[in-house]
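protein.cif follows (mmCIF, C-alpha atoms, pLDDT in the B column; chains and numbers go by the auth columns):
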```cif
data_start
loop_
_atom_site.group_PDB
_atom_site.id
_atom_site.type_symbol
_atom_site.label_atom_id
_atom_site.label_comp_id
_atom_site.label_asym_id
_atom_site.label_seq_id
_atom_site.Cartn_x
_atom_site.Cartn_y
_atom_site.Cartn_z
_atom_site.B_iso_or_equiv
_atom_site.auth_seq_id
_atom_site.auth_asym_id
ATOM 1 C CA MET A 1 0.000 0.000 0.000 57.00 54 A
ATOM 2 C CA ALA A 2 1.440 3.374 -1.008 67.00 55 A
ATOM 3 C CA ASN A 3 1.700 6.213 1.505 71.00 56 A
ATOM 4 C CA LYS A 4 -0.814 8.945 0.887 70.00 57 A
ATOM 5 C CA LYS A 5 -0.453 12.502 2.147 62.00 58 A
ATOM 6 C CA LEU A 6 -3.604 13.331 4.091 62.00 59 A
ATOM 7 C CA ILE A 7 -3.069 16.582 5.973 64.00 60 A
ATOM 8 C CA THR A 8 -0.521 19.379 5.788 67.00 61 A
ATOM 9 C CA PHE A 9 -0.056 22.161 8.345 64.00 62 A
ATOM 10 C CA ASP A 10 2.193 25.186 7.869 70.00 63 A
ATOM 11 C CA SER A 11 4.220 26.558 10.792 76.00 64 A
ATOM 12 C CA GLU A 12 1.552 29.149 11.716 77.00 65 A
ATOM 13 C CA GLN A 13 -1.128 26.468 11.833 73.00 66 A
ATOM 14 C CA LEU A 14 1.118 24.201 13.914 75.00 67 A
ATOM 15 C CA GLU A 15 1.711 27.042 16.360 80.00 68 A
ATOM 16 C CA SER A 16 -2.068 27.486 16.681 78.00 69 A
ATOM 17 C CA VAL A 17 -2.431 23.759 17.358 77.00 70 A
ATOM 18 C CA ALA A 18 0.323 23.952 20.000 80.00 71 A
ATOM 19 C CA ASP A 19 -1.374 26.968 21.603 80.00 72 A
ATOM 20 C CA ALA A 20 -4.691 25.112 21.690 76.00 73 A
ATOM 21 C CA LEU A 21 -2.953 22.164 23.352 76.00 74 A
ATOM 22 C CA ARG A 22 -1.387 24.456 25.968 77.00 75 A
ATOM 23 C CA GLU A 23 -4.829 25.917 26.730 75.00 76 A
ATOM 24 C CA THR A 24 -6.536 22.520 26.943 71.00 77 A
ATOM 25 C CA GLU A 25 -7.564 21.567 30.443 69.00 78 A
ATOM 26 C CA PHE A 26 -6.095 18.186 31.373 66.00 79 A
ATOM 27 C CA SER A 27 -8.259 17.310 34.322 67.00 80 A
ATOM 28 C CA PHE A 28 -11.227 15.376 35.648 71.00 81 A
ATOM 29 C CA LYS A 29 -13.455 18.454 35.692 73.00 82 A
ATOM 30 C CA GLY A 30 -16.697 17.816 33.871 77.00 83 A
ATOM 31 C CA ILE A 31 -16.889 14.083 34.554 83.00 84 A
ATOM 32 C CA GLU A 32 -17.939 14.216 38.208 83.00 85 A
ATOM 33 C CA LYS A 33 -21.391 12.660 37.636 86.00 86 A
ATOM 34 C CA GLU A 34 -19.963 9.792 35.598 89.00 87 A
ATOM 35 C CA THR A 35 -17.312 9.272 38.290 87.00 88 A
ATOM 36 C CA GLU A 36 -20.019 9.151 40.965 88.00 89 A
ATOM 37 C CA GLU A 37 -21.694 6.375 38.987 91.00 90 A
ATOM 38 C CA ILE A 38 -18.430 4.407 38.764 92.00 91 A
ATOM 39 C CA VAL A 39 -17.820 4.785 42.524 89.00 92 A
ATOM 40 C CA ARG A 40 -21.443 3.870 43.261 90.00 93 A
ATOM 41 C CA ASN A 41 -21.403 0.738 41.068 93.00 94 A
ATOM 42 C CA SER A 42 -18.081 -0.524 42.379 92.00 95 A
ATOM 43 C CA THR A 43 -19.083 0.114 45.995 90.00 96 A
ATOM 44 C CA LYS A 44 -22.450 -1.566 45.458 91.00 97 A
ATOM 45 C CA GLN A 45 -20.785 -4.668 44.020 93.00 98 A
ATOM 46 C CA GLN A 46 -18.285 -4.707 46.880 92.00 99 A
ATOM 47 C CA PHE A 47 -20.998 -4.310 49.511 88.00 100 A
ATOM 48 C CA THR A 48 -23.461 -6.760 47.970 89.00 101 A
ATOM 49 C CA SER A 49 -20.789 -9.447 47.510 93.00 102 A
ATOM 50 C CA GLU A 50 -19.487 -8.904 51.057 91.00 103 A
ATOM 51 C CA GLY A 51 -16.012 -8.120 49.747 91.00 104 A
ATOM 52 C CA ALA A 52 -15.735 -10.910 47.181 94.00 105 A
ATOM 53 C CA TYR A 53 -15.882 -8.419 44.300 94.00 106 A
ATOM 54 C CA GLY A 54 -12.779 -6.517 45.453 93.00 107 A
ATOM 55 C CA ALA A 55 -10.930 -9.740 46.275 94.00 108 A
ATOM 56 C CA GLN A 56 -10.901 -10.475 42.509 94.00 109 A
ATOM 57 C CA PHE A 57 -8.760 -7.359 42.085 94.00 110 A
ATOM 58 C CA GLY A 58 -6.377 -7.871 45.009 93.00 111 A
ATOM 59 C CA PHE A 59 -8.315 -6.200 47.825 91.00 112 A
ATOM 60 C CA ASP A 60 -8.518 -8.057 51.117 89.00 113 A
ATOM 61 C CA PRO A 61 -11.643 -10.223 51.347 89.00 114 A
ATOM 62 C CA TRP A 62 -14.010 -9.359 54.140 90.00 115 A
ATOM 63 C CA PRO A 63 -13.702 -11.509 57.246 90.00 116 A
ATOM 64 C CA LYS A 64 -16.818 -13.450 58.156 88.00 117 A
ATOM 65 C CA LEU A 65 -19.030 -12.146 60.948 86.00 118 A
ATOM 66 C CA ALA A 66 -18.007 -13.264 64.390 86.00 119 A
ATOM 67 C CA ASP A 67 -20.403 -15.712 66.031 89.00 120 A
ATOM 68 C CA SER A 68 -21.072 -13.099 68.703 89.00 121 A
ATOM 69 C CA THR A 69 -22.155 -10.600 66.020 85.00 122 A
ATOM 70 C CA VAL A 70 -24.494 -13.119 64.402 84.00 123 A
ATOM 71 C CA LYS A 71 -26.041 -13.872 67.804 88.00 124 A
ATOM 72 C CA GLN A 72 -26.338 -10.155 68.570 86.00 125 A
ATOM 73 C CA LYS A 73 -28.156 -9.559 65.266 85.00 126 A
ATOM 74 C CA GLU A 74 -30.553 -12.368 66.096 86.00 127 A
ATOM 75 C CA ARG A 75 -31.089 -11.093 69.658 88.00 128 A
ATOM 76 C CA LEU A 76 -31.806 -7.562 68.404 87.00 129 A
ATOM 77 C CA ASN A 77 -34.134 -8.879 65.663 86.00 130 A
ATOM 78 C CA PHE A 78 -31.921 -7.828 62.759 80.00 131 A
ATOM 79 C CA GLY A 79 -32.947 -10.639 60.469 71.00 132 A
ATOM 80 C CA ASN A 80 -30.404 -9.677 57.835 66.00 133 A
ATOM 81 C CA LYS A 81 -27.238 -11.729 58.240 71.00 134 A
ATOM 82 C CA GLN A 82 -25.294 -9.760 55.623 80.00 135 A
ATOM 83 C CA ILE A 83 -22.014 -8.304 56.801 84.00 136 A
ATOM 84 C CA LEU A 84 -22.214 -4.605 57.752 82.00 137 A
ATOM 85 C CA GLU A 85 -25.941 -4.396 57.180 81.00 138 A
ATOM 86 C CA ARG A 86 -28.343 -4.055 60.056 78.00 139 A
ATOM 87 C CA THR A 87 -30.659 -1.211 59.118 79.00 140 A
ATOM 88 C CA GLY A 88 -29.388 -0.445 55.612 80.00 141 A
ATOM 89 C CA ALA A 89 -28.310 3.081 56.632 83.00 142 A
ATOM 90 C CA LEU A 90 -24.582 2.525 56.001 84.00 143 A
ATOM 91 C CA LYS A 91 -25.297 0.993 52.595 84.00 144 A
ATOM 92 C CA GLU A 92 -27.525 3.978 51.754 85.00 145 A
ATOM 93 C CA VAL A 93 -24.690 6.375 52.621 85.00 146 A
ATOM 94 C CA LEU A 94 -22.194 4.370 50.563 85.00 147 A
ATOM 95 C CA LEU A 95 -24.403 4.274 47.483 85.00 148 A
ATOM 96 C CA ASN A 96 -24.789 8.053 47.364 85.00 149 A
ATOM 97 C CA PRO A 97 -21.295 9.472 46.935 84.00 150 A
ATOM 98 C CA SER A 98 -20.656 13.072 46.047 85.00 151 A
ATOM 99 C CA VAL A 99 -17.670 13.459 43.742 82.00 152 A
ATOM 100 C CA SER A 100 -15.723 16.659 43.258 79.00 153 A
ATOM 101 C CA THR A 101 -12.388 17.587 41.773 73.00 154 A
ATOM 102 C CA THR A 102 -9.605 19.394 43.566 69.00 155 A
ATOM 103 C CA ASN A 103 -6.006 20.328 42.834 59.00 156 A
ATOM 104 C CA ASN A 104 -7.005 22.051 39.585 63.00 157 A
ATOM 105 C CA GLY A 105 -9.051 19.045 38.565 65.00 158 A
ATOM 106 C CA PHE A 106 -6.285 16.477 38.983 63.00 159 A
ATOM 107 C CA THR A 107 -7.653 14.897 42.158 71.00 160 A
ATOM 108 C CA ILE A 108 -11.014 13.190 42.481 71.00 161 A
ATOM 109 C CA GLU A 109 -12.612 13.138 45.910 76.00 162 A
ATOM 110 C CA ALA A 110 -15.625 11.036 46.805 80.00 163 A
ATOM 111 C CA THR A 111 -17.367 12.196 49.951 83.00 164 A
ATOM 112 C CA PHE A 112 -20.154 10.546 51.838 83.00 165 A
ATOM 113 C CA SER A 113 -22.592 12.257 54.141 85.00 166 A
ATOM 114 C CA GLY A 114 -25.344 11.178 56.438 81.00 167 A
ATOM 115 C CA GLU A 115 -25.800 10.002 59.979 81.00 168 A
ATOM 116 C CA HIS A 116 -23.767 6.823 59.442 81.00 169 A
ATOM 117 C CA ALA A 117 -20.958 8.277 57.290 83.00 170 A
ATOM 118 C CA GLY A 118 -18.655 8.247 60.310 85.00 171 A
ATOM 119 C CA LEU A 119 -18.735 4.452 60.262 83.00 172 A
ATOM 120 C CA ILE A 120 -17.008 4.258 56.889 83.00 173 A
ATOM 121 C CA PRO A 121 -13.415 4.877 58.106 84.00 174 A
ATOM 122 C CA ILE A 122 -13.930 2.435 60.983 82.00 175 A
ATOM 123 C CA HIS A 123 -15.082 -0.408 58.731 82.00 176 A
ATOM 124 C CA GLN A 124 -12.805 0.490 55.798 80.00 177 A
ATOM 125 C CA LYS A 125 -9.790 -0.754 57.781 81.00 178 A
ATOM 126 C CA THR A 126 -10.958 -4.367 58.056 83.00 179 A
ATOM 127 C CA ARG A 127 -13.481 -4.538 55.239 87.00 180 A
ATOM 128 C CA PRO A 128 -12.680 -2.379 52.211 86.00 181 A
ATOM 129 C CA LEU A 129 -15.979 -0.699 51.364 85.00 182 A
ATOM 130 C CA VAL A 130 -15.120 1.979 48.827 85.00 183 A
ATOM 131 C CA ILE A 131 -12.848 0.609 46.140 86.00 184 A
ATOM 132 C CA LEU A 132 -11.872 1.406 42.590 88.00 185 A
ATOM 133 C CA THR A 133 -10.744 -1.537 40.506 91.00 186 A
ATOM 134 C CA GLU A 134 -8.602 -1.720 37.394 92.00 187 A
ATOM 135 C CA PRO A 135 -11.683 -1.672 35.125 93.00 188 A
ATOM 136 C CA ASP A 136 -12.928 1.385 37.051 91.00 189 A
ATOM 137 C CA PHE A 137 -9.641 3.202 36.424 89.00 190 A
ATOM 138 C CA ASP A 138 -9.798 2.201 32.747 92.00 191 A
ATOM 139 C CA GLU A 139 -13.288 3.707 32.516 92.00 192 A
ATOM 140 C CA LEU A 140 -12.149 6.866 34.321 87.00 193 A
ATOM 141 C CA GLY A 141 -9.244 7.134 31.889 86.00 194 A
ATOM 142 C CA LYS A 142 -11.595 6.875 28.904 90.00 195 A
ATOM 143 C CA LEU A 143 -13.900 9.514 30.366 89.00 196 A
ATOM 144 C CA ALA A 144 -10.995 11.857 31.086 84.00 197 A
ATOM 145 C CA PHE A 145 -9.592 11.338 27.574 85.00 198 A
ATOM 146 C CA GLU A 146 -12.978 12.133 26.030 87.00 199 A
ATOM 147 C CA GLN A 147 -13.253 15.262 28.170 83.00 200 A
ATOM 148 C CA ILE A 148 -9.743 16.397 27.206 80.00 201 A
ATOM 149 C CA THR A 149 -10.424 15.685 23.533 84.00 202 A
ATOM 150 C CA LYS A 150 -13.622 17.751 23.616 84.00 203 A
ATOM 151 C CA ASP A 151 -11.842 20.647 25.312 82.00 204 A
ATOM 152 C CA PHE A 152 -8.965 20.509 22.803 81.00 205 A
ATOM 153 C CA ALA A 153 -11.372 20.394 19.847 82.00 206 A
ATOM 154 C CA LYS A 154 -13.207 23.420 21.224 82.00 207 A
ATOM 155 C CA LYS A 155 -9.946 25.348 21.662 78.00 208 A
ATOM 156 C CA LEU A 156 -8.797 24.369 18.193 77.00 209 A
ATOM 157 C CA LYS A 157 -12.113 25.353 16.634 80.00 210 A
ATOM 158 C CA SER A 158 -11.999 28.758 18.331 79.00 211 A
ATOM 159 C CA ARG A 159 -8.624 29.322 16.662 73.00 212 A
ATOM 160 C CA LYS A 160 -10.107 28.387 13.302 70.00 213 A
ATOM 161 C CA VAL A 161 -7.167 26.151 12.412 61.00 214 A
ATOM 162 C CA ARG A 162 -7.756 24.320 9.173 59.00 215 A
ATOM 163 C CA SER A 163 -5.405 21.941 7.436 54.00 216 A
ATOM 164 C CA ARG A 164 -4.540 22.096 3.795 54.00 217 A
ATOM 165 C CA LYS A 165 -5.421 19.080 1.720 54.00 218 A
#
```
Please rewrite the model in this file as structure tokens.
Amino acid sequence: MANKKLITFDSEQLESVADALRETEFSFKGIEKETEEIVRNSTKQQFTSEGAYGAQFGFDPWPKLADSTVKQKERLNFGNKQILERTGALKEVLLNPSVSTTNNGFTIEATFSGEHAGLIPIHQKTRPLVILTEPDFDELGKLAFEQITKDFAKKLKSRKVRSRK
């Protein structure tokens, strides 16, 4: 197959492209809602599987409930035997993250609020609740790339850079 010249830029056009690249925002800004969904889905799978989901990706599996905890749940009429779920309040908190970006958009923070949010750090030590797996990071990377590409295209379009054919 012969090489075919597709696009040619002169030095002025290349400088405009370089300027557009310099002005492009390389960050996670603009994908907060999608990130919340990724955090929510991963956390839900982790919680529902009682830690088995994260164990597939190298996170520590959740230890089983102690016999004393099972008996306590029965004594207090908490019929649910699932780990970390008595009333469902902690699960509700975990499945409603609020994601924001900091550090000029280069850091993603997921925060959790509600009456039982204070339990998260306590349980996170022995039973990883909030996790991001390799597929989650791949998805975040795709979202960030799409966001960066859109921003670059917008900057380039505003400069009215056109190639010569």
Target residues per the PyMOL selection byres ((chain A and resi 94) around 12), formatted as a ChimeraX atom specification
/A:87-93,95-101,106,147-150,182-186,188-189
Which residues, written as a PyMOL selection string, have at least one atom at most 9 Å from Asp113 in chain A, with all atoms listed in the file counted and residues fewer than 5 positions away on the same chain left out?
chain A and resi 104-105+107-108+179-181
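Take CA of Lys210 in chain A and CA of Glu65 in chain A: the distance between them is 15.0 Å.
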What is the CA of Gly171 in chain A to CA of Ser151 in chain A distance in Å?
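These atoms are spaced 15.2 Å apart.
The gap separating CA of Lys195 in chain A from CA of Ser211 in chain A is 24.3 Å, in Å to one decimal.
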Extract, using all atoms listed in the file, all DNA, RNA and protein residues at most 8 Å from range 81-86 of chain A, discarding same-chain residues fewer than 3 positions from it, and format them as a PDB file with C-alpha atoms, in the frame of the given file.
```pdb
ATOM      1  CA  GLU A  89     -20.019   9.151  40.965  1.00 88.00           C
ATOM      2  CA  GLU A  90     -21.694   6.375  38.987  1.00 91.00           C
ATOM      3  CA  VAL A 152     -17.670  13.459  43.742  1.00 82.00           C
ATOM      4  CA  SER A 153     -15.723  16.659  43.258  1.00 79.00           C
ATOM      5  CA  THR A 154     -12.388  17.587  41.773  1.00 73.00           C
ATOM      6  CA  GLY A 158      -9.051  19.045  38.565  1.00 65.00           C
ATOM      7  CA  PHE A 159      -6.285  16.477  38.983  1.00 63.00           C
ATOM      8  CA  THR A 160      -7.653  14.897  42.158  1.00 71.00           C
ATOM      9  CA  ILE A 161     -11.014  13.190  42.481  1.00 71.00           C
ATOM     10  CA  LEU A 196     -13.900   9.514  30.366  1.00 89.00           C
ATOM     11  CA  ALA A 197     -10.995  11.857  31.086  1.00 84.00           C
ATOM     12  CA  GLN A 200     -13.253  15.262  28.170  1.00 83.00           C
TER      13      GLN A 200
END
```
Any chance you could work out the residue set of the PyMOL selection byres ((chain A and resi 142) around 12) here, as an mmCIF file with C-alpha atoms, keeping the file's coordinate frame?
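Dumped to expr.cif:
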```cif
data_model
loop_
_atom_site.group_PDB
_atom_site.id
_atom_site.type_symbol
_atom_site.label_atom_id
_atom_site.label_comp_id
_atom_site.auth_asym_id
_atom_site.auth_seq_id
_atom_site.Cartn_x
_atom_site.Cartn_y
_atom_site.Cartn_z
ATOM 1 C CA LEU A 137 -22.214 -4.605 57.752
ATOM 2 C CA GLU A 138 -25.941 -4.396 57.180
ATOM 3 C CA ARG A 139 -28.343 -4.055 60.056
ATOM 4 C CA THR A 140 -30.659 -1.211 59.118
ATOM 5 C CA GLY A 141 -29.388 -0.445 55.612
ATOM 6 C CA LEU A 143 -24.582 2.525 56.001
ATOM 7 C CA LYS A 144 -25.297 0.993 52.595
ATOM 8 C CA GLU A 145 -27.525 3.978 51.754
ATOM 9 C CA VAL A 146 -24.690 6.375 52.621
ATOM 10 C CA LEU A 147 -22.194 4.370 50.563
ATOM 11 C CA LEU A 148 -24.403 4.274 47.483
ATOM 12 C CA ASN A 149 -24.789 8.053 47.364
ATOM 13 C CA SER A 166 -22.592 12.257 54.141
ATOM 14 C CA GLY A 167 -25.344 11.178 56.438
ATOM 15 C CA GLU A 168 -25.800 10.002 59.979
ATOM 16 C CA HIS A 169 -23.767 6.823 59.442
ATOM 17 C CA ALA A 170 -20.958 8.277 57.290
ATOM 18 C CA GLY A 171 -18.655 8.247 60.310
ATOM 19 C CA LEU A 172 -18.735 4.452 60.262
ATOM 20 C CA ILE A 173 -17.008 4.258 56.889
#
```
8 Å contact set for Glu103 in chain A, all atoms listed in the file, chain neighbours under 5 positions out, as a PyMOL selection string
chain A and resi 114-115+135-136
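For the residues A:Thr77, A:Thr164, A:Gln109, A:Ser69, ranking by smallest atom-to-atom distance to Phe198 in chain A using all atoms listed in the file places A:Thr77 first.
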Reconstructed range 116-147 of chain A, atom set N, CA and C atoms, as a PDB file, in the coordinates of the input:
```
ATOM      1  N   PRO A 116     -13.593 -10.394  56.308  1.00 90.00           N
ATOM      2  CA  PRO A 116     -13.702 -11.509  57.246  1.00 90.00           C
ATOM      3  C   PRO A 116     -15.171 -11.801  57.539  1.00 90.00           C
ATOM      4  N   LYS A 117     -15.450 -13.052  57.817  1.00 88.00           N
ATOM      5  CA  LYS A 117     -16.818 -13.450  58.156  1.00 88.00           C
ATOM      6  C   LYS A 117     -17.232 -12.785  59.468  1.00 88.00           C
ATOM      7  N   LEU A 118     -18.522 -12.688  59.685  1.00 86.00           N
ATOM      8  CA  LEU A 118     -19.030 -12.146  60.948  1.00 86.00           C
ATOM      9  C   LEU A 118     -18.653 -13.075  62.099  1.00 86.00           C
ATOM     10  N   ALA A 119     -18.282 -12.479  63.194  1.00 86.00           N
ATOM     11  CA  ALA A 119     -18.007 -13.264  64.390  1.00 86.00           C
ATOM     12  C   ALA A 119     -19.311 -13.892  64.871  1.00 86.00           C
ATOM     13  N   ASP A 120     -19.199 -15.044  65.492  1.00 89.00           N
ATOM     14  CA  ASP A 120     -20.403 -15.712  66.031  1.00 89.00           C
ATOM     15  C   ASP A 120     -21.167 -14.787  66.973  1.00 89.00           C
ATOM     16  N   SER A 121     -20.416 -14.011  67.757  1.00 89.00           N
ATOM     17  CA  SER A 121     -21.072 -13.099  68.703  1.00 89.00           C
ATOM     18  C   SER A 121     -21.895 -12.042  67.974  1.00 89.00           C
ATOM     19  N   THR A 122     -21.418 -11.594  66.802  1.00 85.00           N
ATOM     20  CA  THR A 122     -22.155 -10.600  66.020  1.00 85.00           C
ATOM     21  C   THR A 122     -23.424 -11.217  65.439  1.00 85.00           C
ATOM     22  N   VAL A 123     -23.326 -12.427  64.948  1.00 84.00           N
ATOM     23  CA  VAL A 123     -24.494 -13.119  64.402  1.00 84.00           C
ATOM     24  C   VAL A 123     -25.547 -13.284  65.496  1.00 84.00           C
ATOM     25  N   LYS A 124     -25.111 -13.699  66.679  1.00 88.00           N
ATOM     26  CA  LYS A 124     -26.041 -13.872  67.804  1.00 88.00           C
ATOM     27  C   LYS A 124     -26.657 -12.538  68.216  1.00 88.00           C
ATOM     28  N   GLN A 125     -25.831 -11.485  68.211  1.00 86.00           N
ATOM     29  CA  GLN A 125     -26.338 -10.155  68.570  1.00 86.00           C
ATOM     30  C   GLN A 125     -27.404  -9.705  67.575  1.00 86.00           C
ATOM     31  N   LYS A 126     -27.166  -9.919  66.289  1.00 85.00           N
ATOM     32  CA  LYS A 126     -28.156  -9.559  65.266  1.00 85.00           C
ATOM     33  C   LYS A 126     -29.464 -10.302  65.492  1.00 85.00           C
ATOM     34  N   GLU A 127     -29.347 -11.576  65.827  1.00 86.00           N
ATOM     35  CA  GLU A 127     -30.553 -12.368  66.096  1.00 86.00           C
ATOM     36  C   GLU A 127     -31.275 -11.845  67.345  1.00 86.00           C
ATOM     37  N   ARG A 128     -30.500 -11.568  68.404  1.00 88.00           N
ATOM     38  CA  ARG A 128     -31.089 -11.093  69.658  1.00 88.00           C
ATOM     39  C   ARG A 128     -31.796  -9.758  69.471  1.00 88.00           C
ATOM     40  N   LEU A 129     -31.234  -8.891  68.627  1.00 87.00           N
ATOM     41  CA  LEU A 129     -31.806  -7.562  68.404  1.00 87.00           C
ATOM     42  C   LEU A 129     -32.817  -7.552  67.248  1.00 87.00           C
ATOM     43  N   ASN A 130     -33.151  -8.723  66.756  1.00 86.00           N
ATOM     44  CA  ASN A 130     -34.134  -8.879  65.663  1.00 86.00           C
ATOM     45  C   ASN A 130     -33.710  -8.222  64.349  1.00 86.00           C
ATOM     46  N   PHE A 131     -32.408  -8.235  64.071  1.00 80.00           N
ATOM     47  CA  PHE A 131     -31.921  -7.828  62.759  1.00 80.00           C
ATOM     48  C   PHE A 131     -31.836  -9.107  61.943  1.00 80.00           C
ATOM     49  N   GLY A 132     -32.869  -9.390  61.209  1.00 71.00           N
ATOM     50  CA  GLY A 132     -32.947 -10.639  60.469  1.00 71.00           C
ATOM     51  C   GLY A 132     -31.869 -10.779  59.411  1.00 71.00           C
ATOM     52  N   ASN A 133     -31.394  -9.650  58.906  1.00 66.00           N
ATOM     53  CA  ASN A 133     -30.404  -9.677  57.835  1.00 66.00           C
ATOM     54  C   ASN A 133     -29.061 -10.148  58.386  1.00 66.00           C
ATOM     55  N   LYS A 134     -28.521 -11.185  57.786  1.00 71.00           N
ATOM     56  CA  LYS A 134     -27.238 -11.729  58.240  1.00 71.00           C
ATOM     57  C   LYS A 134     -26.063 -11.179  57.419  1.00 71.00           C
ATOM     58  N   GLN A 135     -26.358 -10.276  56.482  1.00 80.00           N
ATOM     59  CA  GLN A 135     -25.294  -9.760  55.623  1.00 80.00           C
ATOM     60  C   GLN A 135     -24.320  -8.920  56.449  1.00 80.00           C
ATOM     61  N   ILE A 136     -23.054  -9.050  56.111  1.00 84.00           N
ATOM     62  CA  ILE A 136     -22.014  -8.304  56.801  1.00 84.00           C
ATOM     63  C   ILE A 136     -22.249  -6.807  56.629  1.00 84.00           C
ATOM     64  N   LEU A 137     -22.109  -6.066  57.704  1.00 82.00           N
ATOM     65  CA  LEU A 137     -22.214  -4.605  57.752  1.00 82.00           C
ATOM     66  C   LEU A 137     -23.597  -4.068  57.397  1.00 82.00           C
ATOM     67  N   GLU A 138     -24.605  -4.907  57.485  1.00 81.00           N
ATOM     68  CA  GLU A 138     -25.941  -4.396  57.180  1.00 81.00           C
ATOM     69  C   GLU A 138     -26.927  -4.812  58.274  1.00 81.00           C
ATOM     70  N   ARG A 139     -27.297  -3.840  59.055  1.00 78.00           N
ATOM     71  CA  ARG A 139     -28.343  -4.055  60.056  1.00 78.00           C
ATOM     72  C   ARG A 139     -29.601  -3.339  59.604  1.00 78.00           C
ATOM     73  N   THR A 140     -29.486  -2.021  59.476  1.00 79.00           N
ATOM     74  CA  THR A 140     -30.659  -1.211  59.118  1.00 79.00           C
ATOM     75  C   THR A 140     -30.651  -0.797  57.655  1.00 79.00           C
ATOM     76  N   GLY A 141     -29.509  -0.907  56.992  1.00 80.00           N
ATOM     77  CA  GLY A 141     -29.388  -0.445  55.612  1.00 80.00           C
ATOM     78  C   GLY A 141     -28.890   0.987  55.509  1.00 80.00           C
ATOM     79  N   ALA A 142     -28.709   1.666  56.646  1.00 83.00           N
ATOM     80  CA  ALA A 142     -28.310   3.081  56.632  1.00 83.00           C
ATOM     81  C   ALA A 142     -26.889   3.265  56.090  1.00 83.00           C
ATOM     82  N   LEU A 143     -25.961   2.406  56.491  1.00 84.00           N
ATOM     83  CA  LEU A 143     -24.582   2.525  56.001  1.00 84.00           C
ATOM     84  C   LEU A 143     -24.533   2.292  54.493  1.00 84.00           C
ATOM     85  N   LYS A 144     -25.246   1.285  54.032  1.00 84.00           N
ATOM     86  CA  LYS A 144     -25.297   0.993  52.595  1.00 84.00           C
ATOM     87  C   LYS A 144     -25.872   2.185  51.836  1.00 84.00           C
ATOM     88  N   GLU A 145     -26.913   2.805  52.390  1.00 85.00           N
ATOM     89  CA  GLU A 145     -27.525   3.978  51.754  1.00 85.00           C
ATOM     90  C   GLU A 145     -26.511   5.114  51.616  1.00 85.00           C
ATOM     91  N   VAL A 146     -25.729   5.330  52.657  1.00 85.00           N
ATOM     92  CA  VAL A 146     -24.690   6.375  52.621  1.00 85.00           C
ATOM     93  C   VAL A 146     -23.665   6.046  51.535  1.00 85.00           C
ATOM     94  N   LEU A 147     -23.224   4.789  51.509  1.00 85.00           N
ATOM     95  CA  LEU A 147     -22.194   4.370  50.563  1.00 85.00           C
ATOM     96  C   LEU A 147     -22.637   4.475  49.106  1.00 85.00           C
TER      97      LEU A 147
END
```
